[in-house]
Structures are given as C-alpha cells and as structure tokens.
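Chemist: query-v9.txt is the file, holding compact mmCIF, C-alpha atoms:
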```
# COMPACT_ATOMS: atom_id res chain seq x y z
CA MET A 1 11.95 1.91 14.76
CA ILE A 2 11.56 -1.47 13.08
CA ASP A 3 13.50 -2.13 9.89
CA TYR A 4 11.11 -3.01 7.06
CA GLY A 5 13.70 -3.44 4.30
CA ALA A 6 14.28 -1.44 1.15
CA ILE A 7 13.12 -0.72 -2.35
CA ARG A 8 15.57 -0.37 -5.22
CA LEU A 9 15.25 1.21 -8.65
CA ASP A 10 15.57 -1.51 -11.29
CA THR A 11 15.51 0.90 -14.21
CA ALA A 12 18.27 3.32 -13.23
CA GLY A 13 19.84 3.25 -16.68
CA GLY A 14 16.67 3.94 -18.64
CA THR A 15 13.59 6.09 -18.30
CA GLY A 16 11.38 3.71 -16.30
CA PHE A 17 10.26 3.87 -12.69
CA ARG A 18 10.30 0.21 -11.69
CA PHE A 19 11.20 -0.41 -8.05
CA GLY A 20 11.73 -3.83 -6.54
CA ALA A 21 11.01 -4.15 -2.83
CA ARG A 22 12.86 -6.56 -0.64
CA PHE A 23 11.23 -6.50 2.76
CA ALA A 24 12.98 -7.49 5.97
CA SER A 25 10.60 -10.47 6.07
CA GLY A 26 12.21 -11.73 2.86
CA HIS A 27 9.13 -11.02 0.75
CA GLU A 28 9.38 -9.16 -2.53
CA ALA A 29 7.12 -6.91 -4.56
CA THR A 30 7.21 -4.66 -7.60
CA TYR A 31 6.07 -1.04 -7.77
CA ASP A 32 6.03 0.58 -11.17
CA SER A 33 4.27 3.35 -13.02
CA GLY A 34 3.84 4.83 -16.46
CA ALA A 35 3.46 3.20 -19.86
CA GLY A 36 4.67 -0.39 -20.03
CA ALA A 37 4.81 -0.73 -16.26
CA ALA A 38 5.76 -4.19 -15.02
CA GLY A 39 3.64 -4.06 -11.87
CA PRO A 40 1.04 -2.09 -9.95
CA ASN A 41 1.72 1.54 -9.18
CA PRO A 42 1.90 2.80 -5.57
CA VAL A 43 -1.69 4.02 -5.57
CA GLU A 44 -2.98 0.63 -6.73
CA HIS A 45 -0.90 -1.03 -4.02
CA LEU A 46 -2.35 1.31 -1.40
CA LEU A 47 -5.87 0.20 -2.35
CA GLY A 48 -4.85 -3.45 -2.53
CA ALA A 49 -3.28 -3.24 0.92
CA LEU A 50 -6.44 -1.70 2.37
CA ALA A 51 -8.72 -4.29 0.74
CA ALA A 52 -6.50 -7.20 1.79
CA CYS A 53 -6.18 -5.88 5.34
CA GLU A 54 -9.95 -5.73 5.80
CA ALA A 55 -10.53 -9.05 4.05
CA MET A 56 -7.94 -10.87 6.19
CA ASP A 57 -9.64 -9.57 9.32
CA VAL A 58 -13.06 -10.73 8.15
CA VAL A 59 -11.88 -14.17 7.02
CA GLY A 60 -10.01 -14.67 10.29
CA ILE A 61 -13.01 -13.71 12.41
CA LEU A 62 -15.41 -15.92 10.44
CA ARG A 63 -13.04 -18.89 10.65
CA LYS A 64 -12.74 -18.45 14.42
CA LYS A 65 -16.52 -18.84 14.52
CA ARG A 66 -16.16 -22.05 12.50
CA LEU A 67 -18.00 -20.51 9.57
CA GLU A 68 -16.91 -21.86 6.22
CA VAL A 69 -15.79 -19.33 3.62
CA THR A 70 -15.43 -21.01 0.23
CA ALA A 71 -14.51 -17.93 -1.80
CA TYR A 72 -13.79 -14.30 -1.04
CA GLU A 73 -13.17 -11.33 -3.25
CA VAL A 74 -13.09 -7.60 -2.76
CA LEU A 75 -14.00 -5.26 -5.59
CA MET A 76 -12.13 -1.98 -5.30
CA SER A 77 -13.06 1.44 -6.60
CA GLY A 78 -11.85 4.88 -5.71
CA GLU A 79 -11.91 8.54 -6.47
CA ARG A 80 -8.87 10.83 -6.51
CA ALA A 81 -8.54 14.58 -6.41
CA PRO A 82 -7.98 16.02 -9.90
CA GLU A 83 -5.07 18.19 -8.79
CA ALA A 84 -1.68 17.21 -7.30
CA PRO A 85 -1.09 15.45 -4.99
CA ARG A 86 -4.08 13.54 -6.39
CA ARG A 87 -4.87 12.03 -3.01
CA PHE A 88 -7.70 9.53 -2.65
CA THR A 89 -10.90 11.32 -1.67
CA ALA A 90 -13.17 8.27 -1.52
CA VAL A 91 -12.77 4.50 -1.63
CA GLU A 92 -15.45 1.88 -1.99
CA LEU A 93 -14.82 -1.77 -1.18
CA VAL A 94 -17.36 -4.50 -1.87
CA HIS A 95 -16.60 -7.72 -0.01
CA ARG A 96 -18.18 -10.59 -1.93
CA VAL A 97 -18.21 -13.48 0.51
CA THR A 98 -19.14 -16.98 -0.59
CA GLY A 99 -19.94 -19.71 1.90
CA ARG A 100 -22.38 -22.31 3.04
CA ASP A 101 -25.17 -20.74 5.07
CA LEU A 102 -23.09 -17.81 6.29
CA PRO A 103 -25.22 -15.73 8.67
CA PRO A 104 -25.34 -12.14 7.32
CA ALA A 105 -25.11 -10.81 10.88
CA ALA A 106 -21.80 -12.62 11.44
CA VAL A 107 -20.30 -11.14 8.27
CA ALA A 108 -21.60 -7.68 9.14
CA GLU A 109 -20.09 -7.93 12.62
CA ALA A 110 -16.72 -9.14 11.30
CA LEU A 111 -16.56 -6.27 8.82
CA ARG A 112 -17.51 -3.79 11.54
CA LEU A 113 -14.76 -5.12 13.82
CA SER A 114 -12.20 -4.77 11.03
CA GLU A 115 -13.29 -1.22 10.24
CA GLU A 116 -13.54 0.01 13.80
CA LYS A 117 -10.93 -2.02 15.64
CA TYR A 118 -8.47 -4.14 13.72
CA CYS A 119 -7.44 -2.94 10.28
CA SER A 120 -3.96 -1.42 10.60
CA VAL A 121 -3.97 -0.03 7.06
CA ARG A 122 -7.33 1.67 7.36
CA HIS A 123 -6.33 3.30 10.62
CA SER A 124 -3.12 4.62 9.03
CA LEU A 125 -5.11 6.48 6.36
CA ASP A 126 -6.34 10.04 6.50
CA PRO A 127 -9.60 10.08 8.49
CA ALA A 128 -10.88 12.59 5.91
CA LEU A 129 -10.68 9.86 3.27
CA ARG A 130 -14.18 8.38 3.08
CA VAL A 131 -13.88 4.56 2.97
CA THR A 132 -17.16 2.75 2.38
CA SER A 133 -17.04 -1.00 2.89
CA ARG A 134 -20.02 -3.26 2.32
CA PHE A 135 -20.54 -6.93 1.68
CA GLU A 136 -22.54 -9.22 -0.55
CA LEU A 137 -23.25 -12.80 0.44
CA VAL A 138 -23.13 -15.58 -2.14
CA GLN A 139 -24.43 -19.04 -1.31
CA GLY A 140 -22.06 -21.77 -2.41
CA MET B 1 -15.75 6.11 -8.87
CA ILE B 2 -12.99 4.46 -10.89
CA ASP B 3 -12.82 0.67 -10.96
CA TYR B 4 -9.44 -0.52 -9.65
CA GLY B 5 -10.05 -4.27 -9.95
CA ALA B 6 -10.31 -6.94 -7.29
CA ILE B 7 -8.42 -9.11 -4.86
CA ARG B 8 -9.33 -12.78 -4.43
CA LEU B 9 -8.57 -15.24 -1.65
CA ASP B 10 -6.31 -17.98 -3.01
CA THR B 11 -6.41 -20.06 0.16
CA ALA B 12 -10.16 -20.41 0.69
CA GLY B 13 -9.93 -24.14 1.35
CA GLY B 14 -7.16 -23.95 3.95
CA THR B 15 -6.19 -21.73 6.82
CA GLY B 16 -4.04 -19.19 4.94
CA PHE B 17 -4.70 -15.58 4.11
CA ARG B 18 -3.16 -15.24 0.66
CA PHE B 19 -4.92 -12.78 -1.63
CA GLY B 20 -4.09 -12.27 -5.28
CA ALA B 21 -4.84 -8.83 -6.69
CA ARG B 22 -5.80 -8.34 -10.30
CA PHE B 23 -5.94 -4.62 -10.91
CA ALA B 24 -8.00 -3.04 -13.67
CA SER B 25 -4.66 -2.06 -15.26
CA GLY B 26 -3.91 -5.77 -15.69
CA HIS B 27 -1.17 -5.77 -13.07
CA GLU B 28 -1.05 -8.38 -10.35
CA ALA B 29 0.22 -8.56 -6.79
CA THR B 30 0.14 -10.82 -3.76
CA TYR B 31 -0.89 -9.86 -0.23
CA ASP B 32 -0.39 -12.47 2.46
CA SER B 33 0.17 -12.70 6.19
CA GLY B 34 1.05 -15.12 8.91
CA ALA B 35 3.53 -17.97 9.03
CA GLY B 36 4.64 -19.23 5.62
CA ALA B 37 3.23 -16.21 3.83
CA ALA B 38 3.89 -16.16 0.09
CA GLY B 39 4.15 -12.39 -0.17
CA PRO B 40 4.27 -9.12 1.74
CA ASN B 41 1.50 -8.35 4.19
CA PRO B 42 -0.74 -5.29 3.75
CA VAL B 43 1.29 -3.20 6.19
CA GLU B 44 4.53 -3.91 4.32
CA HIS B 45 2.81 -3.00 1.06
CA LEU B 46 1.60 0.27 2.57
CA LEU B 47 5.19 1.23 3.39
CA GLY B 48 6.46 0.02 0.03
CA ALA B 49 3.82 2.09 -1.76
CA LEU B 50 4.78 5.19 0.21
CA ALA B 51 8.50 4.73 -0.41
CA ALA B 52 8.00 4.03 -4.13
CA CYS B 53 5.66 6.98 -4.53
CA GLU B 54 8.20 9.41 -3.09
CA ALA B 55 11.10 7.82 -4.95
CA MET B 56 9.31 7.97 -8.31
CA ASP B 57 8.65 11.66 -7.78
CA VAL B 58 12.28 12.37 -6.94
CA VAL B 59 13.69 10.33 -9.83
CA GLY B 60 11.28 11.99 -12.25
CA ILE B 61 12.16 15.49 -11.08
CA LEU B 62 15.92 14.84 -11.22
CA ARG B 63 15.67 13.34 -14.70
CA LYS B 64 13.73 16.38 -15.93
CA LYS B 65 16.71 18.45 -14.79
CA ARG B 66 18.99 16.15 -16.84
CA LEU B 67 20.65 14.91 -13.67
CA GLU B 68 21.92 11.37 -13.91
CA VAL B 69 20.73 8.93 -11.25
CA THR B 70 22.70 5.70 -11.46
CA ALA B 71 21.16 3.92 -8.49
CA TYR B 72 18.38 4.65 -6.05
CA GLU B 73 17.18 2.87 -2.97
CA VAL B 74 14.92 3.74 -0.08
CA LEU B 75 15.47 2.19 3.34
CA MET B 76 12.20 1.85 5.20
CA SER B 77 11.56 1.73 8.92
CA GLY B 78 8.45 2.27 10.96
CA GLU B 79 6.81 2.17 14.33
CA ARG B 80 3.36 0.81 15.04
CA ALA B 81 1.05 1.21 18.00
CA PRO B 82 1.23 -1.78 20.35
CA GLU B 83 -2.55 -2.14 20.57
CA ALA B 84 -5.12 -2.86 17.83
CA PRO B 85 -5.54 -1.48 15.24
CA ARG B 86 -1.73 -1.30 15.37
CA ARG B 87 -1.65 1.73 13.11
CA PHE B 88 1.64 3.22 12.00
CA THR B 89 2.68 5.99 14.37
CA ALA B 90 5.96 6.93 12.67
CA VAL B 91 7.72 6.12 9.43
CA GLU B 92 11.27 6.91 8.44
CA LEU B 93 12.45 6.77 4.84
CA VAL B 94 16.08 7.18 3.85
CA HIS B 95 16.51 7.90 0.15
CA ARG B 96 19.99 6.79 -0.88
CA VAL B 97 20.62 8.44 -4.22
CA THR B 98 23.63 7.56 -6.34
CA GLY B 99 24.71 9.68 -9.26
CA ARG B 100 27.47 11.63 -10.90
CA ASP B 101 27.90 15.01 -9.27
CA LEU B 102 24.30 15.29 -8.14
CA PRO B 103 23.82 18.69 -6.48
CA PRO B 104 22.49 18.12 -2.95
CA ALA B 105 20.20 21.13 -3.32
CA ALA B 106 18.50 19.57 -6.34
CA VAL B 107 17.84 16.32 -4.47
CA ALA B 108 16.59 18.20 -1.42
CA GLU B 109 14.24 20.25 -3.58
CA ALA B 110 12.90 17.18 -5.41
CA LEU B 111 12.21 15.43 -2.11
CA ARG B 112 10.52 18.53 -0.73
CA LEU B 113 8.29 18.76 -3.82
CA SER B 114 7.28 15.11 -3.44
CA GLU B 115 6.49 15.52 0.24
CA GLU B 116 4.61 18.78 -0.04
CA LYS B 117 3.04 18.64 -3.45
CA TYR B 118 3.11 15.43 -5.45
CA CYS B 119 3.06 12.16 -3.51
CA SER B 120 -0.48 10.77 -3.74
CA VAL B 121 0.17 8.01 -1.22
CA ARG B 122 1.64 10.28 1.42
CA HIS B 123 -1.27 12.69 1.11
CA SER B 124 -3.74 9.81 1.56
CA LEU B 125 -2.20 8.91 4.93
CA ASP B 126 -3.25 10.17 8.33
CA PRO B 127 -1.63 13.58 8.88
CA ALA B 128 -1.01 12.46 12.48
CA LEU B 129 1.36 9.78 11.14
CA ARG B 130 4.82 11.32 11.36
CA VAL B 131 6.71 10.56 8.12
CA THR B 132 10.35 11.59 8.13
CA SER B 133 12.08 11.46 4.77
CA ARG B 134 15.73 12.28 4.30
CA PHE B 135 18.37 11.54 1.70
CA GLU B 136 21.95 10.45 1.45
CA LEU B 137 24.05 11.17 -1.63
CA VAL B 138 26.44 8.59 -3.00
CA GLN B 139 28.95 9.52 -5.68
CA GLY B 140 29.07 6.98 -8.46
```
Rewrite the structure from the file as structure tokens, please.

Modeler:
Amino acid sequence: MIDYGAIRLDTAGGTGFRFGARFASGHEATYDSGAGAAGPNPVEHLLGALAACEAMDVVGILRKKRLEVTAYEVLMSGERAPEAPRRFTAVELVHRVTGRDLPPAAVAEALRLSEEKYCSVRHSLDPALRVTSRFELVQG
Amino acid sequence: MIDYGAIRLDTAGGTGFRFGARFASGHEATYDSGAGAAGPNPVEHLLGALAACEAMDVVGILRKKRLEVTAYEVLMSGERAPEAPRRFTAVELVHRVTGRDLPPAAVAEALRLSEEKYCSVRHSLDPALRVTSRFELVQG
C-alpha cells in the first residue's frame, strides 16, 4: 500500500463539513459540502478528476505528435440516481480542443487511447456507469 | 443531464498539464500532474473525494445523534495496477475520530451506513476495487 496522505476536518467545532487534504505529494485540496461550502464537494471532485485525467492523456498524446494545442476545456455533465447512495448513472464529457490545423483523426485517436487504455480514473469507476466522451475541434 | 461546469487547461502554451476547474456551483479546484505540479493529480483527487465522502457521512450521522466530534482525519493509502491504465486495485481508509466519550458502536454504525447506503463516490467506483475502511477512536 502506498501512503497518499490524509484529509482533516477543518470545521470540527461548528456544523460544517469542510475537509482539507494534505497529500503525501505535498499538494493540498479542499472538499466541502452543504450551504456556504468553501470548495467543491466530493462528487464534483470525482467528475473533475475524471475530466482532467482524460484531458491530460489527450494533451500529452497530441503534444508527442508535435500537434499544437492552444486551448483545451472539458464541459462536464452528469446524472445521478435519485435515491441514496445517489451514485452517478451517466457522465458526459465534451472535450473542446483548440489548435492550429489539428487533424480530427488524431484527436479522436488520442481520446480513444485515453478511454480504452490510459485513464486511471475512468478505469477505477464502475463499468456500469455510462461515460460518454466526445470532442469538438476549434480552429485557433 | 445536470451541468457540472468545466475544466480548462492553464498551461496551453507550455508543457504542463495544469487544469483549473470551475464548477457550476462556483467552486474551483486545480488538477495537475508531473514534475512541478501546482496541485493534486486526478488520482489523488479521486482518493480525496472518496475519503471526504465517507467522512462527511460519518460526521453528519454522529452529529445527528448529538455526539461531539472534536477532530476527524482520514489516512489514505492505495494500490494501483503496475500496467496502464494503472487503475486502483485496493484502497485503505483509516478514519481517526476524536471526541468525548464517543461510543465505538455508534462510529461503527455510521461508517457502515456510509459504506453500504450513503456514499455517492464509493458507489460510483468499480465494485472490483477493494475499499477497506476502518476507524480508530481517540479520546479528547
């Protein structure tokens, strides 16, 4: 087992649910929920981690091919079960990739490689969770 | 589908992989990887989200029972497959709960309820991923 660090409750005295993470890498993050939350809740972070994981794969693969990515965003949407544990039932990620003359086939192939082979987060999720990833190319 | 917001590549001009998330809730987060990363990587965030999700459930349940939690941390460790996609194969979470005269049975029951019924993140993960959660009680 690898040590990944710890999260600690910052709001032990009150009624809040704010946790500060201090990872073994030294990096920090905030997880919060409820009214007046100071950071994303765990479910938001799960989606963000999935989107970032895929996007990092795609950017890395395109750069290795010497293709120039000038901007990159991923729009995230999802559906959750209405009853507890309110698991995600579907996730849709739209990768909006901006670059100069990016070949659509290269972006499609990079996204396929992330989905099928590389993305650690995606492959840690329930296979029953339907994740749909697609891309849009923007010239610029 | 519910809109959860977007992540955007902050390092498009360089060689980095830093993404800034702006969630629909207005909350922000950073996902980064590689040398000199400015924030946790997606895999760290996945673990953090899982730990925070369970911990929020437990704290909420204990508070509803008027039990006083004075400090709470979760130690995170995990094992990943050596080959791509390097998915998590096992995760261990140790909930270290500090309080005044907290009944162990109440903490055990709260953790069981999170694991079996409430934790949205845990129930979005691959059932083949072995998650072991246990707790330690600290008097104080």

Chemist: Could you list, as a JSON list (two decimals) with C-alpha atoms, in the frame of the given file, every residue within 9 Å of stretch 105-119 of chain B, counting all atoms listed in the file and ignoring same-chain residues fewer than 2 positions away?

Modeler:
```json
[["chain", "number", "residue", "atom", "x", "y", "z"],
["A", 84, "ALA", "CA", -1.68, 17.21, -7.30],
["A", 85, "PRO", "CA", -1.09, 15.45, -4.99],
["A", 86, "ARG", "CA", -4.08, 13.54, -6.39],
["A", 87, "ARG", "CA", -4.87, 12.03, -3.01],
["B", 50, "LEU", "CA", 4.78, 5.19, 0.21],
["B", 53, "CYS", "CA", 5.66, 6.98, -4.53],
["B", 54, "GLU", "CA", 8.20, 9.41, -3.09],
["B", 55, "ALA", "CA", 11.10, 7.82, -4.95],
["B", 56, "MET", "CA", 9.31, 7.97, -8.31],
["B", 57, "ASP", "CA", 8.65, 11.66, -7.78],
["B", 58, "VAL", "CA", 12.28, 12.37, -6.94],
["B", 59, "VAL", "CA", 13.69, 10.33, -9.83],
["B", 60, "GLY", "CA", 11.28, 11.99, -12.25],
["B", 61, "ILE", "CA", 12.16, 15.49, -11.08],
["B", 62, "LEU", "CA", 15.92, 14.84, -11.22],
["B", 65, "LYS", "CA", 16.71, 18.45, -14.79],
["B", 67, "LEU", "CA", 20.65, 14.91, -13.67],
["B", 95, "HIS", "CA", 16.51, 7.90, 0.15],
["B", 97, "VAL", "CA", 20.62, 8.44, -4.22],
["B", 102, "LEU", "CA", 24.30, 15.29, -8.14],
["B", 103, "PRO", "CA", 23.82, 18.69, -6.48],
["B", 121, "VAL", "CA", 0.17, 8.01, -1.22],
["B", 122, "ARG", "CA", 1.64, 10.28, 1.42],
["B", 123, "HIS", "CA", -1.27, 12.69, 1.11],
["B", 124, "SER", "CA", -3.74, 9.81, 1.56],
["B", 133, "SER", "CA", 12.08, 11.46, 4.77],
["B", 134, "ARG", "CA", 15.73, 12.28, 4.30],
["B", 135, "PHE", "CA", 18.37, 11.54, 1.70],
["B", 137, "LEU", "CA", 24.05, 11.17, -1.63]]
```

Chemist: Quick check: residues of chain B within 7 Å of chain A, only C-alpha atoms, returned as a ChimeraX atom specification.

Modeler: /B:1-9,12-13,17,19,21,27-28,31,39-40,42-43,45-46,48-50,52-53,56,69-79,84-88,117-121,123-127

Chemist: Please indicate the distance in Å from atom CA of A:Ala35 to atom CA of B:Lys64, rounded to one decimal place.

Modeler: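 These atoms are spaced 17.2 Å apart.
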
Chemist: As an exercise, work out the distance from atom CA of B:Pro82 to atom CA of B:Gly36 in Å and give it to one decimal place.

Modeler: 23.1 Å
